[in-house]
Amino acid sequence: MKKLTKFIGIAFLSLTIFSCSSDSDSQPTIVDIASENADFSTLVTALNRTGLTATLDGSGQFTVFAPTNTAFQTFFASLGSSVTVDNVDVNVLKKVLLNHVIGAEVKSADIVTGYASTLSPFNSTANSPTLSMYIQKSGGVVTINGGASNGGAIVTTADLDASNGVVHVVGNVIGLPTVVNHAIANPDFTSLVGALTSAGQPDFVGILSGAGPFTVFAPNNAAFTSLNTELAPGGIASVSAANLTKVLTYHVVSPANVRSTSLTEGQVVTPILAPSQTFTVLLSGGARLKDANNRECNIAATDVQASNGVIHVLSKVLLPTL
């Protein structure tokens with residue numbers, strides 16, 4: 001009887017191990033999930049056309065924000081009445097698809113508001129930086145790059161679990177973000193966006209949506225609050241439109257995509273304002289900038305990569321000589 005009980009125990013254990021192994025082996029890959037869902041047929045075609053099927057069917061770990069067929073239809077229609085998944089420029093299609101992929105598994109419970117790096121390259125050079133994605137989580141709602149009105153999307157269904165990562169369904173194709181898209185997407189740049197679009201300013205939205213590339217040293221909301229205190233009692237509202245233009249252009253370098261790794265101690269940076277209006281990079285004791293008035297500000301965050309340039313976040317507004 002003891003021998004029989006022992007045999008049954010061993011058999012049960014073997015069956016359990018076999019079952020667990022079978023469940024793991026049979027778990028679908030990201031490509032399997034897409035292929036088995038009729039609403040992802042355009043995505044599957046796009047993956048096949050661009051040669052990305054093997055990547056997302058492989059052994060890595062990925063997070064894919066997967067657009068539905070309807071999302072792709074809207075996207076292709078925006079490119080032209082005759083554009084389809086079969087005739088769109090394959091290089092553009094590949095770059096757009098990679099802009100939906102993060103090279104790590106991120107379940108919805110683990111999503112936090114902030115930036116993530118996609119797999120979409122900034123350019124075709126070797127070791128090119130990849131585009132950033134701004135993910136905002138509010139309650140159970142996850143918004144990518146500011147939502148559909150800003151070229152982004154909202155997650156409609158989360159956590160389709162795969163053996164090599166996770167799929168989150170989105171209702172729009174996520175466009176390649178410009179520096180303007182990134183500025184609009186992040187609520188910590190509302191003061192900057194307000195200044196750029198205020199009365200009497202050039203068409204900064206149009207300019208900074210261009211080819212560039214642009215390097216933007218972008219003051220956050222706290223920086224503008226500090227400037228209001230510094231310029232009290234009138235605050236930034238007391239600055240003339242012409243001088244505000246000088247201040248804003250003092251934060252832009254072009255044509256250049258200057259990543260943080262290219263900044264050096266004592267480097268003199270010439271923005272688009274004028275050759276005589278420069279500022280200096282200081283790295284010893286923490287990354288910061290010194291403006292034309294010898295005011296220093298910290299670089300709070302670096303390398304928010306856009307399709308037409310890069311953003312570095314500043315804790316203070318730089319002031320040129322006005």
# chains A, B, ... in the order shown; residues from 1 in each chain; ligands from 1
$ select_by_dssp --residues "range 15-98 of chain A" --states "alpha helix (DSSP H)" --output "number ranges by chain"
A: 15-26, 30-35, 41-50, 53-56, 69-79, 90-98
$ write_last_selection --atoms "C-alpha atoms" --output "short mmCIF file (atom, residue, chain, number, x, y, z; two decimals), in the first residue's frame"
data_model
loop_
_atom_site.label_atom_id
_atom_site.label_comp_id
_atom_site.auth_asym_id
_atom_site.auth_seq_id
_atom_site.Cartn_x
_atom_site.Cartn_y
_atom_site.Cartn_z
CA LEU A 15 1.98 15.19 -14.32
CA THR A 16 2.08 18.56 -12.55
CA ILE A 17 5.57 19.34 -13.85
CA PHE A 18 4.58 18.26 -17.36
CA SER A 19 1.42 20.38 -17.25
CA CYS A 20 3.31 23.49 -16.10
CA SER A 21 5.89 22.96 -18.81
CA SER A 22 3.19 22.51 -21.43
CA ASP A 23 1.39 25.71 -20.33
CA SER A 24 4.62 27.68 -20.62
CA ASP A 25 5.49 26.19 -23.99
CA SER A 26 2.01 26.85 -25.35
CA ILE A 30 3.26 38.66 -29.33
CA VAL A 31 3.00 37.71 -33.00
CA ASP A 32 0.70 34.80 -32.12
CA ILE A 33 -1.62 37.16 -30.24
CA ALA A 34 -1.73 39.51 -33.22
CA SER A 35 -2.21 36.71 -35.73
CA SER A 41 -4.71 41.83 -39.40
CA THR A 42 -3.27 45.14 -40.64
CA LEU A 43 -0.66 45.04 -37.87
CA VAL A 44 0.32 41.52 -38.92
CA THR A 45 0.67 42.61 -42.54
CA ALA A 46 2.76 45.59 -41.45
CA LEU A 47 5.05 43.39 -39.36
CA ASN A 48 5.54 41.02 -42.28
CA ARG A 49 6.27 43.84 -44.73
CA THR A 50 8.89 45.41 -42.47
CA THR A 53 7.68 39.51 -37.37
CA ALA A 54 10.76 37.48 -36.43
CA THR A 55 11.75 40.07 -33.81
CA LEU A 56 8.38 40.06 -32.04
CA ASN A 69 -7.27 47.87 -37.98
CA THR A 70 -9.43 50.96 -37.57
CA ALA A 71 -6.48 52.84 -36.07
CA PHE A 72 -4.35 51.96 -39.09
CA GLN A 73 -7.11 52.98 -41.51
CA THR A 74 -7.26 56.42 -39.91
CA PHE A 75 -3.47 56.71 -39.99
CA PHE A 76 -3.10 55.76 -43.65
CA ALA A 77 -5.96 58.07 -44.62
CA SER A 78 -4.05 60.95 -43.01
CA LEU A 79 -1.14 60.22 -45.36
CA VAL A 90 8.32 50.56 -45.91
CA ASN A 91 11.06 52.50 -44.09
CA VAL A 92 8.52 54.93 -42.67
CA LEU A 93 6.24 52.04 -41.72
CA LYS A 94 9.05 50.25 -39.89
CA LYS A 95 10.00 53.38 -37.96
CA VAL A 96 6.37 53.94 -36.96
CA LEU A 97 5.92 50.33 -35.85
CA LEU A 98 9.09 50.43 -33.73
#
$ closest_atom_pairs --of "range 35-129 of chain A" --to "range 155-175 of chain A" --cutoff "9 Å" --atoms "only C-alpha atoms" --output "JSON lines"
{"residue": "A:Leu56", "atom": "CA", "partner": "A:Asn164", "partner_atom": "CA", "distance": 7.8}
{"residue": "A:Asp57", "atom": "CA", "partner": "A:Asn164", "partner_atom": "CA", "distance": 7.6}
{"residue": "A:Gly58", "atom": "CA", "partner": "A:Asn164", "partner_atom": "CA", "distance": 7.1}
{"residue": "A:Ser59", "atom": "CA", "partner": "A:Asn164", "partner_atom": "CA", "distance": 5.8}
{"residue": "A:Gly60", "atom": "CA", "partner": "A:Asn164", "partner_atom": "CA", "distance": 5.7}
{"residue": "A:Gln61", "atom": "CA", "partner": "A:Gly165", "partner_atom": "CA", "distance": 4.7}
{"residue": "A:Phe62", "atom": "CA", "partner": "A:Gly165", "partner_atom": "CA", "distance": 4.6}
{"residue": "A:Thr63", "atom": "CA", "partner": "A:Val166", "partner_atom": "CA", "distance": 5.1}
{"residue": "A:Val64", "atom": "CA", "partner": "A:Val167", "partner_atom": "CA", "distance": 4.8}
{"residue": "A:Phe65", "atom": "CA", "partner": "A:His168", "partner_atom": "CA", "distance": 4.8}
{"residue": "A:Ala66", "atom": "CA", "partner": "A:Val169", "partner_atom": "CA", "distance": 4.7}
{"residue": "A:Pro67", "atom": "CA", "partner": "A:Val170", "partner_atom": "CA", "distance": 5.0}
{"residue": "A:Thr68", "atom": "CA", "partner": "A:Gly171", "partner_atom": "CA", "distance": 6.5}
{"residue": "A:Thr70", "atom": "CA", "partner": "A:Gly171", "partner_atom": "CA", "distance": 7.8}
{"residue": "A:Ala71", "atom": "CA", "partner": "A:Asn172", "partner_atom": "CA", "distance": 4.5}
{"residue": "A:Phe72", "atom": "CA", "partner": "A:Val173", "partner_atom": "CA", "distance": 6.2}
{"residue": "A:Thr74", "atom": "CA", "partner": "A:Asn172", "partner_atom": "CA", "distance": 7.8}
{"residue": "A:Phe75", "atom": "CA", "partner": "A:Val173", "partner_atom": "CA", "distance": 6.2}
{"residue": "A:Val96", "atom": "CA", "partner": "A:Gly175", "partner_atom": "CA", "distance": 6.6}
{"residue": "A:Leu97", "atom": "CA", "partner": "A:Ile174", "partner_atom": "CA", "distance": 8.5}
{"residue": "A:Asn99", "atom": "CA", "partner": "A:Ile174", "partner_atom": "CA", "distance": 7.1}
{"residue": "A:His100", "atom": "CA", "partner": "A:Ile174", "partner_atom": "CA", "distance": 6.8}
{"residue": "A:Ala104", "atom": "CA", "partner": "A:Gly165", "partner_atom": "CA", "distance": 7.2}
{"residue": "A:Glu105", "atom": "CA", "partner": "A:Gly165", "partner_atom": "CA", "distance": 4.9}
{"residue": "A:Val106", "atom": "CA", "partner": "A:Val166", "partner_atom": "CA", "distance": 7.0}
{"residue": "A:Lys107", "atom": "CA", "partner": "A:Asp159", "partner_atom": "CA", "distance": 6.0}
{"residue": "A:Ser108", "atom": "CA", "partner": "A:Ala158", "partner_atom": "CA", "distance": 6.4}
$ residues_around --residues "range 284-301 of chain A" --least-positions-apart "2" --cutoff "6 Å" --atoms "only C-alpha atoms" --output "short mmCIF file (atom, residue, chain, number, x, y, z; two decimals) with N, CA, C and O atoms, in the first residue's frame"
data_model
loop_
_atom_site.label_atom_id
_atom_site.label_comp_id
_atom_site.auth_asym_id
_atom_site.auth_seq_id
_atom_site.Cartn_x
_atom_site.Cartn_y
_atom_site.Cartn_z
N PHE A 279 25.48 80.62 -23.92
CA PHE A 279 25.49 80.18 -22.51
C PHE A 279 26.51 79.06 -22.37
O PHE A 279 26.99 78.51 -23.38
N THR A 280 26.85 78.74 -21.14
CA THR A 280 27.95 77.83 -20.87
C THR A 280 27.48 76.60 -20.12
O THR A 280 26.64 76.69 -19.21
N VAL A 281 28.03 75.46 -20.48
CA VAL A 281 27.71 74.19 -19.82
C VAL A 281 28.67 73.98 -18.66
O VAL A 281 29.90 74.11 -18.82
N LEU A 282 28.13 73.67 -17.50
CA LEU A 282 28.93 73.35 -16.31
C LEU A 282 28.53 71.96 -15.83
O LEU A 282 27.36 71.71 -15.59
N HIS A 312 16.11 68.83 -23.32
CA HIS A 312 16.69 68.72 -21.98
C HIS A 312 15.89 69.66 -21.07
O HIS A 312 15.61 70.81 -21.44
N VAL A 313 15.50 69.18 -19.91
CA VAL A 313 14.61 69.93 -19.02
C VAL A 313 15.42 70.80 -18.06
O VAL A 313 16.36 70.32 -17.42
N LEU A 314 15.03 72.07 -17.96
CA LEU A 314 15.73 73.02 -17.08
C LEU A 314 14.87 73.41 -15.88
O LEU A 314 13.64 73.48 -15.98
N SER A 315 15.55 73.67 -14.77
CA SER A 315 14.86 74.09 -13.54
C SER A 315 14.71 75.59 -13.44
O SER A 315 14.11 76.11 -12.50
N LYS A 316 15.30 76.33 -14.38
CA LYS A 316 15.24 77.80 -14.37
C LYS A 316 15.23 78.28 -15.82
O LYS A 316 15.82 77.66 -16.70
N LEU A 318 16.55 80.47 -18.72
CA LEU A 318 17.76 81.19 -19.05
C LEU A 318 17.40 82.59 -19.55
O LEU A 318 16.42 82.77 -20.28
N PRO A 320 18.94 85.89 -21.65
CA PRO A 320 20.01 86.56 -22.40
C PRO A 320 20.10 88.02 -21.97
O PRO A 320 19.30 88.48 -21.16
#
$ select_by_dssp --residues "range 177-272 of chain A" --states "strand (DSSP E or B)" --output "list in words"
Phe214, Thr215, Val216, Phe217, Ala218, Pro219, Val252, Val253, Val268 and Val269 of chain A
$ closest_residue --among "A:Val101, A:Val179, A:Leu244, A:Ile184" --to "Ser198 in chain A" --atoms "only C-alpha atoms"
A:Leu244
$ closest_residue --among "A:Thr178, A:Thr270, A:Thr190, A:Thr113" --to "Gly140 in chain A" --atoms "only C-alpha atoms"
A:Thr113
